[in-house]
Amino acid sequence: GGKILEIVRSPRSADLPRELREVPGLICPGFIDLQVNGAFGIDVGPDAEALAELARELPKTGTTSFLPTALSWSTERYDPFLEALKDASGSPGANILGAHMEGPFLAPARRGAHDPANLCPVDLGFAKRLVDSGMVRMMTLAPELPGAKEAIRLLTDGGSVASAGHTNASYEETLQAIDAGLSMGTHLYNAMSHFEHRAPNAVGALLVDDQVRAGIIADGVHVHEGALRLAYRQKGPEGLALVTDAMEAAGMPPGEYELSGRKVRLEDGEVRLPDGTLAGSALTMDRAVSNAVELLRVPIRDAVRMATQTPAEILGIHSKGRIVPGADADLVLLAPSGAVYETIVGGETVYLGSREDEGLPDSPRS
């Protein structure tokens, strides 16, 4: 039924099922990406077919569940997007867990690649409409904006995650938002008020408050490895979630792409607007896990936790992110090199790479 039935250790031959596979490398829970603006030439938007195609492509990277992420759009674009998301849910491939609404209640001074024309004050009626759709699992907002704390309570009461991002909030304003129910920080360090020794600001509050977790982009571009290590030492693998913030250039060659209608360029592994502003990333989850091992110098187990159990806990989903009886059978098989060579969703293989490409022996299934 797509679930893990039992974990058997040191089994006797009588305990083993008829269909048995011995696999090299590691069997891990499937990766969960909380922030995907697109990938493989697909830009997230109100197109069910494109969202379904994205769900089919992401298992190549070990991703078995994800949140398609909407940037700040004109208001008439949101309803068609949520309808398209509903239509695409249940498509073969990675599970669509709902939407991550990144905006439009953001600080103009920290807008990053968001179109300033689409930013707006907090509108509780609009926020309630999003929550009532049942499709919004997370919303990024600037907690210092008037009405933001009320929006945070509305989101959390409706079962959505409120996350601080694209914010100019002070340390005190961020702590007040956490007390109101804010439980996450979106792409820690990026597009938020920086840490200073006399004004710790949003970064400082997110780092020191144990009630809140944070996503982080471990691509070697968005966050310096020293800052990445600081975040890890403070939050640990239980408090830090690897996210890609990927856009349509992820998994694609260098060149010109779009991010919610804005022209960007992928060059030397970086995606930027014409003015040089970072515009999402070309990161994939398998690469994020490998980067975490390399940059943080932590065991693969801890890097995998940040891509699996921690994001599942952020969303309050207990059936994913772990290999335990009763959990969804969403698994990724990693070669000893760390490369993905098979991805399984609900007990069914949805991606199978070449064993030769991954340096694996050519052994048949048994």
# chains A, B, ... in the order shown; residues from 1 in each chain; ligands from 1

$ residues_around --residues "Val136 in chain A" --least-positions-apart "5" --cutoff "7 Å" --atoms "only C-alpha atoms" --output "ChimeraX atom specification"
/A:98-100,130-131,160

$ residues_around --residues "Gly159 in chain A" --least-positions-apart "6" --cutoff "12 Å" --atoms "only C-alpha atoms" --output "list in words"
Gly98, Lys128, Leu130, Val131, Asp132, Ser133, Gly134, Met135, Val136, Arg137, Met138, Met139, Ile152, Arg153, Gly181, Ser183, Ile314, Leu315, Gly316 and Ile317 of chain A

$ write_last_selection --atoms "C-alpha atoms" --output "CSV table (one decimal), in the first residue's frame"
chain,number,residue,atom,x,y,z
A,98,GLY,CA,0.9,22.1,-1.6
A,128,LYS,CA,-7.6,33.9,4.4
A,130,LEU,CA,-5.3,31.5,0.3
A,131,VAL,CA,-5.5,29.5,3.5
A,132,ASP,CA,-9.1,28.4,2.8
A,133,SER,CA,-8.1,27.0,-0.5
A,134,GLY,CA,-6.5,24.1,1.4
A,135,MET,CA,-3.5,24.2,-1.0
A,136,VAL,CA,-1.1,26.6,0.9
A,137,ARG,CA,1.3,24.8,3.1
A,138,MET,CA,3.7,27.7,3.7
A,139,MET,CA,3.8,31.4,3.3
A,152,ILE,CA,0.8,34.7,11.0
A,153,ARG,CA,-2.0,33.7,13.4
A,181,GLY,CA,3.4,31.5,15.6
A,183,SER,CA,8.0,28.8,12.9
A,314,ILE,CA,8.5,21.8,9.6
A,315,LEU,CA,5.4,20.9,7.6
A,316,GLY,CA,4.1,18.7,10.5
A,317,ILE,CA,4.1,15.6,8.2

$ closest_atom_pairs --of "range 234-274 of chain A" --to "range 38-51 of chain A" --cutoff "10 Å" --atoms "only C-alpha atoms" --output "Markdown table"
| residue | atom | partner | partner_atom | distance |
| --- | --- | --- | --- | --- |
| A:Thr244 | CA | A:Gly38 | CA | 10.0 |
| A:Asp245 | CA | A:Gly38 | CA | 8.4 |
| A:Ala246 | CA | A:Gly38 | CA | 5.8 |
| A:Met247 | CA | A:Gly38 | CA | 4.0 |
| A:Glu248 | CA | A:Ala39 | CA | 3.8 |
| A:Ala249 | CA | A:Ala39 | CA | 5.8 |
| A:Ala250 | CA | A:Ala39 | CA | 4.6 |
| A:Gly251 | CA | A:Phe40 | CA | 5.1 |
| A:Met252 | CA | A:Phe40 | CA | 5.8 |
| A:Pro253 | CA | A:Phe40 | CA | 9.5 |
| A:Tyr257 | CA | A:Gly41 | CA | 7.9 |
| A:Glu258 | CA | A:Asp43 | CA | 7.1 |
| A:Leu259 | CA | A:Asp43 | CA | 6.5 |
| A:Ser260 | CA | A:Asp43 | CA | 6.8 |
| A:Gly261 | CA | A:Asp43 | CA | 8.8 |

$ write_last_selection --atoms "C-alpha atoms" --output "mmCIF file, in the first residue's frame"
data_model
loop_
_atom_site.group_PDB
_atom_site.id
_atom_site.type_symbol
_atom_site.label_atom_id
_atom_site.label_comp_id
_atom_site.auth_asym_id
_atom_site.auth_seq_id
_atom_site.Cartn_x
_atom_site.Cartn_y
_atom_site.Cartn_z
ATOM 1 C CA THR A 244 17.169 24.621 -3.312
ATOM 2 C CA ASP A 245 15.202 27.804 -4.154
ATOM 3 C CA ALA A 246 15.605 26.299 -7.636
ATOM 4 C CA MET A 247 14.251 27.980 -10.746
ATOM 5 C CA GLU A 248 13.871 26.743 -14.304
ATOM 6 C CA ALA A 249 17.640 26.856 -14.978
ATOM 7 C CA ALA A 250 18.280 24.059 -12.445
ATOM 8 C CA GLY A 251 19.425 20.968 -14.326
ATOM 9 C CA MET A 252 19.905 23.009 -17.503
ATOM 10 C CA PRO A 253 22.941 24.379 -19.414
ATOM 11 C CA TYR A 257 15.872 31.726 -18.573
ATOM 12 C CA GLU A 258 12.801 33.193 -16.869
ATOM 13 C CA LEU A 259 11.790 33.494 -13.245
ATOM 14 C CA SER A 260 8.094 34.363 -13.024
ATOM 15 C CA GLY A 261 8.329 36.380 -16.215
#

$ residues_around --residues "range 230-241 of chain A" --least-positions-apart "3" --cutoff "7 Å" --atoms "only C-alpha atoms" --output "ChimeraX atom specification"
/A:207,213-216,226-227,302,305-307,310-311

$ closest_residue --among "A:Val243, A:Leu266, A:Cys28, A:Ala162" --to "Leu278 in chain A" --atoms "only C-alpha atoms"
A:Leu266

$ residues_around --residues "Val271 in chain A" --least-positions-apart "6" --cutoff "8 Å" --atoms "only C-alpha atoms" --output "number ranges by chain"
A: 249, 264-265, 278-282

$ select_by_dssp --residues "range 44-87 of chain A" --states "strand (DSSP E or B)" --output "list of chain:residue names"
A:Thr63, A:Thr64, A:Ser65, A:Phe66, A:Leu67, A:Pro68, A:Thr69, A:Ala70

$ atom_distance --atom1 "CA of Ile32 in chain A" --atom2 "CA of Asp268 in chain A"
25.9 Å

$ select_by_dssp --residues "range 27-211 of chain A" --states "alpha helix (DSSP H)" --output "count of residues only"
58

$ residues_around --residues "range 113-123 of chain A" --least-positions-apart "6" --cutoff "6 Å" --atoms "only C-alpha atoms" --output "JSON, numbers by chain"
{"A": [72, 73, 74, 104, 105, 147, 279]}

$ residues_around --residues "range 194-205 of chain A" --least-positions-apart "4" --cutoff "6 Å" --atoms "only C-alpha atoms" --output "number ranges by chain"
A: 169-171, 174, 209

$ write_last_selection --atoms "N, CA, C and O atoms" --output "compact mmCIF listing (two decimals), in the first residue's frame"
# COMPACT_ATOMS: atom_id res chain seq x y z
N ALA A 169 13.04 43.15 9.25
CA ALA A 169 12.63 43.16 10.65
C ALA A 169 13.81 43.30 11.60
O ALA A 169 14.91 42.81 11.34
N SER A 170 13.55 43.95 12.71
CA SER A 170 14.53 44.01 13.79
C SER A 170 14.53 42.69 14.55
O SER A 170 13.67 41.82 14.34
N TYR A 171 15.49 42.55 15.44
CA TYR A 171 15.56 41.37 16.32
C TYR A 171 14.27 41.24 17.11
O TYR A 171 13.65 40.16 17.17
N THR A 174 11.18 40.27 15.04
CA THR A 174 11.21 38.86 14.64
C THR A 174 10.81 37.97 15.81
O THR A 174 10.03 37.01 15.63
N ASP A 209 16.70 31.66 18.52
CA ASP A 209 15.44 31.18 19.08
C ASP A 209 15.21 29.73 18.67
O ASP A 209 15.07 29.41 17.49

$ decode --residues "range 189-221 of chain A" --atoms "N, CA and C atoms" --output "CSV table (one decimal), in the first residue's frame"
chain,number,residue,atom,x,y,z
A,189,TYR,N,19.8,34.2,6.0
A,189,TYR,CA,20.8,35.1,5.6
A,189,TYR,C,20.4,35.9,4.3
A,190,ASN,N,19.8,35.3,3.3
A,190,ASN,CA,19.5,35.9,2.1
A,190,ASN,C,18.2,36.7,2.2
A,191,ALA,N,18.3,38.0,1.7
A,191,ALA,CA,17.1,38.9,1.6
A,191,ALA,C,16.5,39.1,3.0
A,192,MET,N,17.3,39.3,4.0
A,192,MET,CA,16.8,39.6,5.4
A,192,MET,C,17.8,40.5,6.1
A,193,SER,N,17.3,41.2,7.1
A,193,SER,CA,18.2,42.2,7.8
A,193,SER,C,19.3,41.4,8.5
A,194,HIS,N,20.5,41.9,8.3
A,194,HIS,CA,21.7,41.2,8.6
A,194,HIS,C,22.1,41.3,10.1
A,195,PHE,N,22.8,40.3,10.6
A,195,PHE,CA,23.3,40.3,12.0
A,195,PHE,C,24.4,41.4,12.2
A,196,GLU,N,24.2,42.2,13.2
A,196,GLU,CA,25.2,43.2,13.6
A,196,GLU,C,25.3,43.0,15.2
A,197,HIS,N,26.4,43.3,15.7
A,197,HIS,CA,26.6,43.0,17.1
A,197,HIS,C,25.8,43.9,18.0
A,198,ARG,N,25.3,45.0,17.6
A,198,ARG,CA,24.4,45.8,18.4
A,198,ARG,C,23.0,45.8,17.9
A,199,ALA,N,22.8,45.1,16.8
A,199,ALA,CA,21.4,45.0,16.2
A,199,ALA,C,21.4,43.6,15.5
A,200,PRO,N,21.1,42.6,16.2
A,200,PRO,CA,21.1,41.2,15.7
A,200,PRO,C,20.1,41.0,14.5
A,201,ASN,N,19.0,41.8,14.5
A,201,ASN,CA,18.1,41.8,13.4
A,201,ASN,C,17.5,40.4,13.2
A,202,ALA,N,16.9,40.2,12.0
A,202,ALA,CA,16.2,38.9,11.7
A,202,ALA,C,17.1,37.7,11.8
A,203,VAL,N,18.3,37.9,11.2
A,203,VAL,CA,19.2,36.7,11.2
A,203,VAL,C,19.5,36.3,12.6
A,204,GLY,N,19.8,37.2,13.5
A,204,GLY,CA,20.2,36.9,14.9
A,204,GLY,C,19.0,36.2,15.6
A,205,ALA,N,17.8,36.7,15.4
A,205,ALA,CA,16.6,36.1,16.1
A,205,ALA,C,16.4,34.7,15.6
A,206,LEU,N,16.5,34.5,14.3
A,206,LEU,CA,16.3,33.2,13.7
A,206,LEU,C,17.3,32.2,14.2
A,207,LEU,N,18.6,32.7,14.4
A,207,LEU,CA,19.6,31.8,14.9
A,207,LEU,C,19.5,31.4,16.3
A,208,VAL,N,19.1,32.3,17.2
A,208,VAL,CA,19.1,32.1,18.6
A,208,VAL,C,17.8,31.5,19.2
A,209,ASP,N,16.7,31.7,18.5
A,209,ASP,CA,15.4,31.2,19.1
A,209,ASP,C,15.2,29.7,18.7
A,210,ASP,N,15.1,28.8,19.7
A,210,ASP,CA,15.0,27.4,19.4
A,210,ASP,C,13.6,27.0,18.9
A,211,GLN,N,12.6,28.0,19.0
A,211,GLN,CA,11.3,27.6,18.5
A,211,GLN,C,11.2,27.6,17.0
A,212,VAL,N,12.1,28.2,16.4
A,212,VAL,CA,12.0,28.4,14.9
A,212,VAL,C,13.1,27.6,14.2
A,213,ARG,N,12.8,27.1,13.0
A,213,ARG,CA,13.8,26.4,12.2
A,213,ARG,C,14.0,27.3,11.0
A,214,ALA,N,15.0,27.0,10.2
A,214,ALA,CA,15.4,27.8,9.0
A,214,ALA,C,15.7,27.0,7.8
A,215,GLY,N,15.3,27.4,6.6
A,215,GLY,CA,15.8,26.9,5.4
A,215,GLY,C,17.1,27.5,5.0
A,216,ILE,N,18.0,26.8,4.3
A,216,ILE,CA,19.2,27.4,3.8
A,216,ILE,C,19.6,26.9,2.5
A,217,ILE,N,20.2,27.7,1.7
A,217,ILE,CA,20.6,27.3,0.3
A,217,ILE,C,22.1,27.0,0.3
A,218,ALA,N,22.4,25.7,0.3
A,218,ALA,CA,23.8,25.3,0.4
A,218,ALA,C,24.4,25.1,-1.0
A,219,ASP,N,24.5,26.2,-1.8
A,219,ASP,CA,25.0,26.0,-3.2
A,219,ASP,C,26.4,26.6,-3.3
A,220,GLY,N,27.0,27.2,-2.2
A,220,GLY,CA,28.3,27.8,-2.3
A,220,GLY,C,28.3,29.2,-2.9
A,221,VAL,N,27.1,29.7,-3.2
A,221,VAL,CA,26.9,31.0,-3.8
A,221,VAL,C,26.1,31.9,-2.9
